[in-house]
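Engineer: Provided below: data_39.cif, containing mmCIF, C-alpha atoms and all ligand atoms.
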```cif
data_model
loop_
_atom_site.group_PDB
_atom_site.id
_atom_site.type_symbol
_atom_site.label_atom_id
_atom_site.label_comp_id
_atom_site.auth_asym_id
_atom_site.auth_seq_id
_atom_site.Cartn_x
_atom_site.Cartn_y
_atom_site.Cartn_z
ATOM 1 C CA GLU Y 173 28.893 190.956 134.266
ATOM 2 C CA GLN Y 174 25.415 189.512 134.810
ATOM 3 C CA GLU Y 175 25.586 190.613 138.436
ATOM 4 C CA VAL Y 176 26.628 194.157 137.451
ATOM 5 C CA ALA Y 177 23.783 194.341 134.928
ATOM 6 C CA GLU Y 178 21.201 193.194 137.499
ATOM 7 C CA TYR Y 179 22.471 195.660 140.085
ATOM 8 C CA ARG Y 180 22.338 198.568 137.660
ATOM 9 C CA LYS Y 181 18.796 197.669 136.654
ATOM 10 C CA THR Y 182 17.546 197.671 140.246
ATOM 11 C CA LEU Y 183 18.986 201.092 140.945
ATOM 12 C CA ALA Y 184 17.924 202.631 137.612
ATOM 13 C CA ILE Y 185 21.556 203.034 136.589
ATOM 14 C CA ARG Y 186 22.421 203.371 132.931
ATOM 15 C CA VAL Y 187 26.011 203.334 131.748
ATOM 16 C CA SER Y 188 27.060 203.717 128.127
ATOM 17 C CA GLY Y 189 30.450 203.893 126.462
ATOM 18 C CA PHE Y 190 33.237 201.586 125.297
ATOM 19 C CA ASP Y 191 35.205 199.379 127.718
ATOM 20 C CA VAL Y 192 33.664 200.761 130.882
ATOM 21 C CA PRO Y 193 35.493 199.834 134.114
ATOM 22 C CA ARG Y 194 33.444 197.820 136.613
ATOM 23 C CA PRO Y 195 31.749 199.709 139.461
ATOM 24 C CA VAL Y 196 33.228 199.642 142.951
ATOM 25 C CA LYS Y 197 31.328 198.593 146.071
ATOM 26 C CA THR Y 198 33.587 200.245 148.638
ATOM 27 C CA PHE Y 199 36.067 203.139 148.777
ATOM 28 C CA GLU Y 200 38.829 200.527 149.374
ATOM 29 C CA ASP Y 201 37.973 199.019 145.955
ATOM 30 C CA SER Y 202 39.017 202.337 144.411
ATOM 31 C CA GLY Y 203 42.577 201.830 145.629
ATOM 32 C CA PHE Y 204 42.800 205.147 147.446
ATOM 33 C CA ALA Y 205 45.961 205.752 149.498
ATOM 34 C CA PRO Y 206 45.724 205.561 153.321
ATOM 35 C CA GLU Y 207 45.799 209.368 153.740
ATOM 36 C CA LEU Y 208 42.811 209.734 151.440
ATOM 37 C CA MET Y 209 40.982 206.816 153.097
ATOM 38 C CA ARG Y 210 41.433 208.547 156.447
ATOM 39 C CA ALA Y 211 40.080 211.831 155.056
ATOM 40 C CA ILE Y 212 37.062 209.968 153.638
ATOM 41 C CA ALA Y 213 36.401 208.301 157.008
ATOM 42 C CA LYS Y 214 36.779 211.654 158.760
ATOM 43 C CA GLN Y 215 34.018 213.003 156.514
ATOM 44 C CA GLY Y 216 31.806 210.206 157.809
ATOM 45 C CA TYR Y 217 31.528 208.570 154.379
ATOM 46 C CA GLU Y 218 31.233 204.835 155.047
ATOM 47 C CA LYS Y 219 30.481 203.648 151.564
ATOM 48 C CA PRO Y 220 30.210 205.275 148.156
ATOM 49 C CA THR Y 221 26.808 206.495 146.975
ATOM 50 C CA THR Y 222 25.271 204.966 143.851
ATOM 51 C CA ILE Y 223 26.759 207.522 141.469
ATOM 52 C CA GLN Y 224 30.122 207.286 143.252
ATOM 53 C CA CYS Y 225 30.194 203.469 142.862
ATOM 54 C CA GLN Y 226 29.770 203.871 139.105
ATOM 55 C CA ALA Y 227 31.715 207.053 138.443
ATOM 56 C CA LEU Y 228 34.784 206.666 140.700
ATOM 57 C CA PRO Y 229 36.443 203.782 138.780
ATOM 58 C CA ILE Y 230 35.668 205.406 135.425
ATOM 59 C CA VAL Y 231 37.037 208.816 136.392
ATOM 60 C CA LEU Y 232 40.059 207.174 138.065
ATOM 61 C CA SER Y 233 40.793 205.326 134.815
ATOM 62 C CA GLY Y 234 41.272 208.726 133.171
ATOM 63 C CA ARG Y 235 38.167 208.610 130.995
ATOM 64 C CA ASP Y 236 35.922 211.558 130.260
ATOM 65 C CA VAL Y 237 32.567 211.211 132.003
ATOM 66 C CA ILE Y 238 29.089 212.640 131.677
ATOM 67 C CA GLY Y 239 27.417 212.145 135.064
ATOM 68 C CA ILE Y 240 23.698 212.665 135.339
ATOM 69 C CA ALA Y 241 22.060 212.336 138.731
ATOM 70 C CA LYS Y 242 19.783 214.383 140.900
ATOM 71 C CA THR Y 243 20.893 216.851 143.560
ATOM 72 C CA GLY Y 244 22.093 215.273 146.781
ATOM 73 C CA SER Y 245 23.376 212.081 145.156
ATOM 74 C CA GLY Y 246 27.027 212.716 146.039
ATOM 75 C CA LYS Y 247 28.352 213.944 142.708
ATOM 76 C CA THR Y 248 30.989 216.209 144.303
ATOM 77 C CA ALA Y 249 33.103 213.421 145.792
ATOM 78 C CA SER Y 250 32.918 211.486 142.520
ATOM 79 C CA PHE Y 251 35.001 214.183 140.859
ATOM 80 C CA VAL Y 252 36.915 215.607 143.841
ATOM 81 C CA LEU Y 253 38.451 212.305 145.065
ATOM 82 C CA PRO Y 254 39.813 211.291 141.626
ATOM 83 C CA MET Y 255 41.053 214.867 141.161
ATOM 84 C CA ILE Y 256 43.291 214.461 144.235
ATOM 85 C CA VAL Y 257 44.631 211.184 142.804
ATOM 86 C CA HIS Y 258 45.108 212.831 139.401
ATOM 87 C CA ILE Y 259 47.148 215.674 140.930
ATOM 88 C CA MET Y 260 49.321 213.322 143.003
ATOM 89 C CA ASP Y 261 49.933 211.198 139.895
ATOM 90 C CA GLN Y 262 51.484 214.107 137.993
ATOM 91 C CA PRO Y 263 54.810 214.872 139.667
ATOM 92 C CA GLU Y 264 56.187 216.357 136.440
ATOM 93 C CA LEU Y 265 53.529 219.065 136.642
ATOM 94 C CA GLN Y 266 54.529 220.138 140.149
ATOM 95 C CA LYS Y 267 57.281 222.344 138.746
ATOM 96 C CA GLU Y 268 54.887 224.463 136.690
ATOM 97 C CA GLU Y 269 52.421 227.119 137.736
ATOM 98 C CA GLY Y 270 48.658 227.414 137.696
ATOM 99 C CA PRO Y 271 45.932 224.991 138.714
ATOM 100 C CA ILE Y 272 45.971 221.328 137.646
ATOM 101 C CA GLY Y 273 42.296 220.835 138.526
ATOM 102 C CA VAL Y 274 39.751 223.411 137.346
ATOM 103 C CA ILE Y 275 36.142 223.157 138.507
ATOM 104 C CA CYS Y 276 33.411 225.430 137.200
ATOM 105 C CA ALA Y 277 30.136 225.773 139.073
ATOM 106 C CA PRO Y 278 27.124 228.019 138.438
ATOM 107 C CA THR Y 279 26.918 230.012 141.688
ATOM 108 C CA ARG Y 280 29.176 231.252 144.438
ATOM 109 C CA GLU Y 281 27.312 229.088 146.985
ATOM 110 C CA LEU Y 282 27.972 225.947 144.947
ATOM 111 C CA ALA Y 283 31.572 226.912 144.250
ATOM 112 C CA HIS Y 284 32.060 227.496 147.952
ATOM 113 C CA GLN Y 285 30.536 224.121 148.877
ATOM 114 C CA ILE Y 286 32.805 222.314 146.427
ATOM 115 C CA PHE Y 287 35.751 224.307 147.759
ATOM 116 C CA LEU Y 288 35.026 223.150 151.320
ATOM 117 C CA GLU Y 289 34.767 219.514 150.235
ATOM 118 C CA ALA Y 290 37.897 219.702 148.064
ATOM 119 C CA LYS Y 291 39.868 221.310 150.882
ATOM 120 C CA LYS Y 292 39.086 218.454 153.266
ATOM 121 C CA PHE Y 293 40.582 215.903 150.889
ATOM 122 C CA ALA Y 294 43.367 218.121 149.535
ATOM 123 C CA LYS Y 295 44.685 219.021 152.992
ATOM 124 C CA ALA Y 296 46.068 215.535 153.600
ATOM 125 C CA TYR Y 297 48.477 216.084 150.701
ATOM 126 C CA GLY Y 298 49.287 219.764 151.039
ATOM 127 C CA ILE Y 299 47.395 220.453 147.815
ATOM 128 C CA ARG Y 300 46.209 224.072 147.673
ATOM 129 C CA ALA Y 301 42.666 224.949 146.588
ATOM 130 C CA SER Y 302 41.374 228.427 145.743
ATOM 131 C CA ALA Y 303 37.779 229.524 145.304
ATOM 132 C CA VAL Y 304 37.108 232.227 142.745
ATOM 133 C CA TYR Y 305 33.690 233.847 142.500
ATOM 134 C CA GLY Y 306 31.907 237.168 142.434
ATOM 135 C CA GLY Y 307 31.251 239.107 145.606
ATOM 136 C CA MET Y 308 34.863 238.832 146.732
ATOM 137 C CA SER Y 309 37.480 241.509 146.112
ATOM 138 C CA LYS Y 310 39.130 240.960 142.739
ATOM 139 C CA LEU Y 311 42.440 242.201 144.091
ATOM 140 C CA ASP Y 312 42.410 239.719 147.001
ATOM 141 C CA GLN Y 313 41.522 236.932 144.617
ATOM 142 C CA PHE Y 314 44.251 238.019 142.229
ATOM 143 C CA LYS Y 315 46.814 237.888 145.056
ATOM 144 C CA GLU Y 316 45.617 234.495 146.240
ATOM 145 C CA LEU Y 317 45.881 233.014 142.759
ATOM 146 C CA LYS Y 318 49.286 234.585 142.244
ATOM 147 C CA ALA Y 319 50.460 232.815 145.400
ATOM 148 C CA GLY Y 320 49.696 229.545 143.590
ATOM 149 C CA CYS Y 321 47.265 226.653 143.824
ATOM 150 C CA GLU Y 322 46.718 223.194 142.387
ATOM 151 C CA ILE Y 323 42.917 223.407 142.367
ATOM 152 C CA VAL Y 324 40.687 226.286 141.398
ATOM 153 C CA ILE Y 325 36.929 226.210 141.920
ATOM 154 C CA ALA Y 326 35.223 229.051 140.134
ATOM 155 C CA THR Y 327 32.132 230.597 138.704
ATOM 156 C CA PRO Y 328 32.738 231.072 134.954
ATOM 157 C CA GLY Y 329 32.452 234.881 134.891
ATOM 158 C CA ARG Y 330 34.962 235.522 137.660
ATOM 159 C CA LEU Y 331 37.383 232.923 136.299
ATOM 160 C CA ILE Y 332 37.377 234.755 132.953
ATOM 161 C CA ASP Y 333 38.091 238.023 134.816
ATOM 162 C CA MET Y 334 41.032 236.397 136.592
ATOM 163 C CA LEU Y 335 42.373 234.937 133.345
ATOM 164 C CA LYS Y 336 42.157 238.372 131.713
ATOM 165 C CA MET Y 337 44.052 239.860 134.674
ATOM 166 C CA LYS Y 338 46.666 237.105 134.237
ATOM 167 C CA ALA Y 339 46.170 236.021 137.842
ATOM 168 C CA LEU Y 340 46.691 232.440 136.685
ATOM 169 C CA THR Y 341 47.790 230.400 133.708
ATOM 170 C CA MET Y 342 46.047 227.278 132.452
ATOM 171 C CA THR Y 343 49.199 225.629 131.095
ATOM 172 C CA ARG Y 344 49.219 222.794 133.619
ATOM 173 C CA ALA Y 345 45.444 222.337 133.846
ATOM 174 C CA THR Y 346 44.694 218.734 132.876
ATOM 175 C CA TYR Y 347 41.516 217.987 134.840
ATOM 176 C CA LEU Y 348 38.414 220.012 134.046
ATOM 177 C CA VAL Y 349 35.031 219.644 135.734
ATOM 178 C CA LEU Y 350 31.851 221.370 134.644
ATOM 179 C CA ASP Y 351 29.489 220.912 137.576
ATOM 180 C CA GLU Y 352 25.766 221.587 137.268
ATOM 181 C CA ALA Y 353 26.240 222.241 133.566
ATOM 182 C CA ASP Y 354 22.500 222.707 132.985
ATOM 183 C CA ARG Y 355 22.330 225.503 135.568
ATOM 184 C CA MET Y 356 25.417 227.197 134.130
ATOM 185 C CA PHE Y 357 23.631 227.247 130.759
ATOM 186 C CA ASP Y 358 20.420 228.579 132.372
ATOM 187 C CA LEU Y 359 22.465 231.403 133.850
ATOM 188 C CA GLY Y 360 23.877 232.271 130.423
ATOM 189 C CA PHE Y 361 27.436 231.086 131.051
ATOM 190 C CA GLU Y 362 27.806 229.149 127.795
ATOM 191 C CA PRO Y 363 30.195 231.684 126.169
ATOM 192 C CA GLN Y 364 32.359 231.859 129.301
ATOM 193 C CA ILE Y 365 32.471 228.068 129.566
ATOM 194 C CA ARG Y 366 33.503 227.781 125.928
ATOM 195 C CA SER Y 367 36.197 230.395 126.445
ATOM 196 C CA ILE Y 368 37.573 228.589 129.532
ATOM 197 C CA VAL Y 369 37.557 225.204 127.796
ATOM 198 C CA GLY Y 370 39.359 226.799 124.843
ATOM 199 C CA GLN Y 371 42.192 227.864 127.143
ATOM 200 C CA ILE Y 372 42.790 224.364 128.524
ATOM 201 C CA ARG Y 373 44.980 221.867 126.672
ATOM 202 C CA PRO Y 374 43.029 219.338 124.616
ATOM 203 C CA ASP Y 375 44.727 216.314 126.259
ATOM 204 C CA ARG Y 376 42.910 217.098 129.520
ATOM 205 C CA GLN Y 377 40.421 214.832 131.272
ATOM 206 C CA THR Y 378 36.973 216.427 131.127
ATOM 207 C CA LEU Y 379 34.002 215.656 133.370
ATOM 208 C CA LEU Y 380 30.541 217.082 132.988
ATOM 209 C CA PHE Y 381 27.908 216.736 135.685
ATOM 210 C CA SER Y 382 24.328 217.785 135.358
ATOM 211 C CA ALA Y 383 20.917 217.044 136.810
ATOM 212 C CA THR Y 384 19.352 217.242 133.332
ATOM 213 C CA MET Y 385 20.730 217.098 129.784
ATOM 214 C CA PRO Y 386 19.050 219.735 127.607
ATOM 215 C CA ARG Y 387 19.996 219.723 123.930
ATOM 216 C CA LYS Y 388 22.459 222.628 124.301
ATOM 217 C CA VAL Y 389 24.364 220.878 127.088
ATOM 218 C CA GLU Y 390 24.366 217.656 125.076
ATOM 219 C CA LYS Y 391 25.874 219.550 122.141
ATOM 220 C CA LEU Y 392 28.637 221.057 124.304
ATOM 221 C CA ALA Y 393 29.401 217.644 125.795
ATOM 222 C CA ARG Y 394 29.786 216.160 122.309
ATOM 223 C CA GLU Y 395 32.175 218.945 121.362
ATOM 224 C CA ILE Y 396 34.439 219.037 124.399
ATOM 225 C CA LEU Y 397 34.535 215.473 125.785
ATOM 226 C CA SER Y 398 36.439 212.654 124.109
ATOM 227 C CA ASP Y 399 34.994 209.166 124.023
ATOM 228 C CA PRO Y 400 33.020 209.828 127.236
ATOM 229 C CA VAL Y 401 31.292 207.289 129.426
ATOM 230 C CA ARG Y 402 27.806 208.372 130.347
ATOM 231 C CA VAL Y 403 26.512 207.435 133.784
ATOM 232 C CA THR Y 404 22.878 208.134 134.562
ATOM 233 C CA VAL Y 405 21.372 207.399 137.961
ATOM 234 C CA GLY Y 406 17.622 207.496 138.458
ATOM 235 C CA GLU Y 407 14.936 208.910 136.242
ATOM 236 C CA VAL Y 408 16.078 212.265 134.958
ATOM 237 C CA GLY Y 409 14.374 214.724 132.643
HETATM 238 P P1 LIG Y 501 25.225 216.469 144.575
HETATM 239 O O1 LIG Y 501 26.404 217.223 144.051
HETATM 240 O O2 LIG Y 501 24.929 215.248 143.787
HETATM 241 O O3 LIG Y 501 24.020 217.340 144.757
HETATM 242 P P2 LIG Y 501 26.771 216.363 147.005
HETATM 243 O O4 LIG Y 501 28.055 215.927 146.447
HETATM 244 O O5 LIG Y 501 26.625 217.797 147.338
HETATM 245 O O6 LIG Y 501 25.584 215.942 146.017
HETATM 246 O O7 LIG Y 501 26.449 215.454 148.259
HETATM 247 C C1 LIG Y 501 25.248 215.567 148.976
HETATM 248 C C2 LIG Y 501 25.501 215.282 150.449
HETATM 249 O O8 LIG Y 501 25.867 213.921 150.642
HETATM 250 C C3 LIG Y 501 26.628 216.104 151.034
HETATM 251 O O9 LIG Y 501 26.250 216.553 152.308
HETATM 252 C C4 LIG Y 501 27.787 215.135 151.127
HETATM 253 O O10 LIG Y 501 28.670 215.462 152.174
HETATM 254 C C5 LIG Y 501 27.085 213.824 151.368
HETATM 255 N N1 LIG Y 501 27.821 212.644 150.860
HETATM 256 C C6 LIG Y 501 28.469 212.547 149.684
HETATM 257 N N2 LIG Y 501 29.000 211.330 149.518
HETATM 258 C C7 LIG Y 501 28.694 210.624 150.620
HETATM 259 C C8 LIG Y 501 28.951 209.270 151.065
HETATM 260 N N3 LIG Y 501 29.646 208.414 150.320
HETATM 261 N N4 LIG Y 501 28.468 208.889 152.261
HETATM 262 C C9 LIG Y 501 27.750 209.756 153.028
HETATM 263 N N5 LIG Y 501 27.458 211.029 152.679
HETATM 264 C C10 LIG Y 501 27.917 211.458 151.490
HETATM 265 MG MG MG Y 502 26.602 219.112 143.254
#
```
As structure tokens - that is how I would like this structure written.
Ligand code: ADP
Ligand code: MG
Structural biologist:
Amino acid sequence: EQEVAEYRKTLAIRVSGFDVPRPVKTFEDSGFAPELMRAIAKQGYEKPTTIQCQALPIVLSGRDVIGIAKTGSGKTASFVLPMIVHIMDQPELQKEEGPIGVICAPTRELAHQIFLEAKKFAKAYGIRASAVYGGMSKLDQFKELKAGCEIVIATPGRLIDMLKMKALTMTRATYLVLDEADRMFDLGFEPQIRSIVGQIRPDRQTLLFSATMPRKVEKLAREILSDPVRVTVGEVG
């Protein structure tokens, strides 16, 4: 415990919450299956980044997490890798329809980046990922979603459109990620985010990542996360 405390202090890591799992030092420590370990190695990831060391074991334990760290710190893998494990751990859900993992991101570029990363890890298991954002034909997107997927990565506005068109159902969604929450708020997506969250069962696991935590984001986090662990890396505003 002393060692963990010292290590966190050196790297400007702050973790708060009840019964927080210990950080990992390696991807092996996370207990990932061989297929996933191979996909991680193929990505050229040798060891977890600082935020990944802290967040991976907490997210894998099923807890809600608020992750605050600057751009480029490796936040994507800290929610994408546990999402793959989460999906594989839910065989009873495989019979139903609609995504199990739902990721919201502020822009199509970000959604696309997350999609590419998710696909690399999902492929090993035959898990299907769909990206849903503006600028693409709604009809094509509708058809793709109708064909089925386990993961959907979306900008909030287009996801609402697809939900209205009944392109997908949220009945089996149990893993929700709000990535770059501060930017989604800056872009005015708060109502859409609230609507999406309202359509996902309350016994979900919810993760919120942000570079900063303005009051409005803090308020949303308090409302939609249960007993979250907060992980902050570095000095953030
Ligand atoms: P953030 O979301 O915090 O801005 P990203 O998840 O986009 O950061 O990651 C930033 C870059 O670091 C990406 O190019 C990603 O592929 C790379 N990366 C992530 N995790 C690792 C790792 N463990 N080892 C090496 N590179 C990594
Ligand atoms: Mg990111």
Engineer: Using only C-alpha atoms and all ligand atoms, find the one residue out of Y:Lys267, Y:Lys219, Y:Lys291, Y:Lys247 that sits nearest to ligand MG 502 (chain Y).
Structural biologist: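 Once distances to ligand MG 502 (chain Y) are computed over only C-alpha atoms and all ligand atoms, the minimum belongs to Y:Lys247.
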Engineer: Could you tell me which residues the PyMOL selection byres (((chain Y and resi 201) around 12) and not hetatm) grabs in this file, written as a short mmCIF file (atom, residue, chain, number, x, y, z; two decimals) with C-alpha atoms, keeping the file's coordinate frame?
Structural biologist:
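Everything below was put into result.cif:
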```cif
data_model
loop_
_atom_site.label_atom_id
_atom_site.label_comp_id
_atom_site.auth_asym_id
_atom_site.auth_seq_id
_atom_site.Cartn_x
_atom_site.Cartn_y
_atom_site.Cartn_z
CA ARG Y 194 33.44 197.82 136.61
CA PRO Y 195 31.75 199.71 139.46
CA VAL Y 196 33.23 199.64 142.95
CA LYS Y 197 31.33 198.59 146.07
CA THR Y 198 33.59 200.24 148.64
CA PHE Y 199 36.07 203.14 148.78
CA GLU Y 200 38.83 200.53 149.37
CA SER Y 202 39.02 202.34 144.41
CA GLY Y 203 42.58 201.83 145.63
CA PHE Y 204 42.80 205.15 147.45
CA ALA Y 205 45.96 205.75 149.50
CA MET Y 209 40.98 206.82 153.10
CA LYS Y 219 30.48 203.65 151.56
CA PRO Y 220 30.21 205.28 148.16
CA GLN Y 224 30.12 207.29 143.25
CA CYS Y 225 30.19 203.47 142.86
CA GLN Y 226 29.77 203.87 139.10
CA LEU Y 228 34.78 206.67 140.70
CA PRO Y 229 36.44 203.78 138.78
CA LEU Y 232 40.06 207.17 138.06
#
```
Engineer: Mind telling me what the PyMOL selection byres (((chain Y and resi 300) around 8) and not hetatm) catches here, as an NGL selection string?
Structural biologist: :Y and (291 or 294-295 or 298-299 or 301-302 or 320-323)
Engineer: Dump the neighbourhood of ligand MG 502 (chain Y) as number ranges by chain: all residues within 12 Å, distances computed on all atoms listed in the file.
Structural biologist: Y: 223, 239-252, 275-279, 281-287, 289, 349-355, 380-383
Engineer: Any chance you could work out the axis-aligned box around ligand LIG 501 (chain Y), listed atoms only, 8 Å on each side, giving centre and edge lengths in Å to one decimal, as JSON?
Structural biologist:
```
{"center_x": 26.8, "center_y": 213.1, "center_z": 148.4, "size_x": 21.6, "size_y": 25.4, "size_z": 25.2}
```
Engineer: Name the residues that the PyMOL selection byres (((chain Y and resi 368) around 10) and not hetatm) pulls out of this structure, and write them as a ChimeraX atom specification.
Structural biologist: /Y:274,276,328-329,331-332,335,342,348,362-367,369-372
Engineer: Pick out the closest residue to ligand LIG 501 (chain Y) from this set: Y:Pro400, Y:Pro263, Y:Gly270, Y:Gly406. Count all atoms listed in the file.
Structural biologist: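 Distance minimum relative to ligand LIG 501 (chain Y) lands on Y:Gly406.
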Engineer: Considering only C-alpha atoms, can you say which of Y:Ala303, Y:Leu379, Y:Ala319, Y:Met385 comes closest to Ile230 of chain Y?
Structural biologist: Y:Leu379
Engineer: Considering only C-alpha atoms and all ligand atoms, state which residue in the set Y:Gln174, Y:Val405, Y:Glu207, Y:Lys388 is at the smallest distance from ligand LIG 501 (chain Y).
Structural biologist: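 The closest residue to ligand LIG 501 (chain Y) is Y:Val405.
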Engineer: Provide the atom CA of Ala326 of chain Y to atom CA of Tyr347 of chain Y distance in Å, to one decimal place.
Structural biologist: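 Spanning atom CA of Ala326 of chain Y to atom CA of Tyr347 of chain Y is a straight-line distance of 13.8 Å.
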Engineer: Which residues, written as a PyMOL selection string, have at least one atom at most 12 Å from Arg387 of chain Y, with only C-alpha atoms counted and residues fewer than 3 positions away on the same chain left out?
Structural biologist: chain Y and resi 353-354+357+384+390-394+409
Engineer: Any idea what the distance is between atom CA of Pro374 of chain Y and atom CA of Asp399 of chain Y?
Structural biologist: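 Atom CA of Pro374 of chain Y sits 13.0 Å away from atom CA of Asp399 of chain Y.
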Engineer: Which is closest to ligand LIG 501 (chain Y) among Y:Val231, Y:Met255, Y:Leu288, Y:Val176, if we use all atoms listed in the file?
Structural biologist: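 Comparing Y:Val231, Y:Met255, Y:Leu288, Y:Val176 against ligand LIG 501 (chain Y), the winner is Y:Leu288.
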Engineer: Quick one: of Y:Leu340, Y:Ile185, Y:Ala213, Y:Arg280, who's nearest to Met308 of chain Y, counting all atoms listed in the file?
Structural biologist: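 Nearest to Met308 of chain Y: Y:Arg280.
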Engineer: In Å, how far is it from atom CA of Glu268 of chain Y to atom CA of Thr343 of chain Y?
Structural biologist: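 The value is 8.1 Å.
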Engineer: For Lys214 of chain Y, please output as JSON, numbers by chain all residues within 12 Å (counting all atoms listed in the file; exclusion window: fewer than 3 positions along the same chain).
Structural biologist: {"Y": [207, 208, 209, 210, 211, 217, 218, 289, 292, 293, 296]}
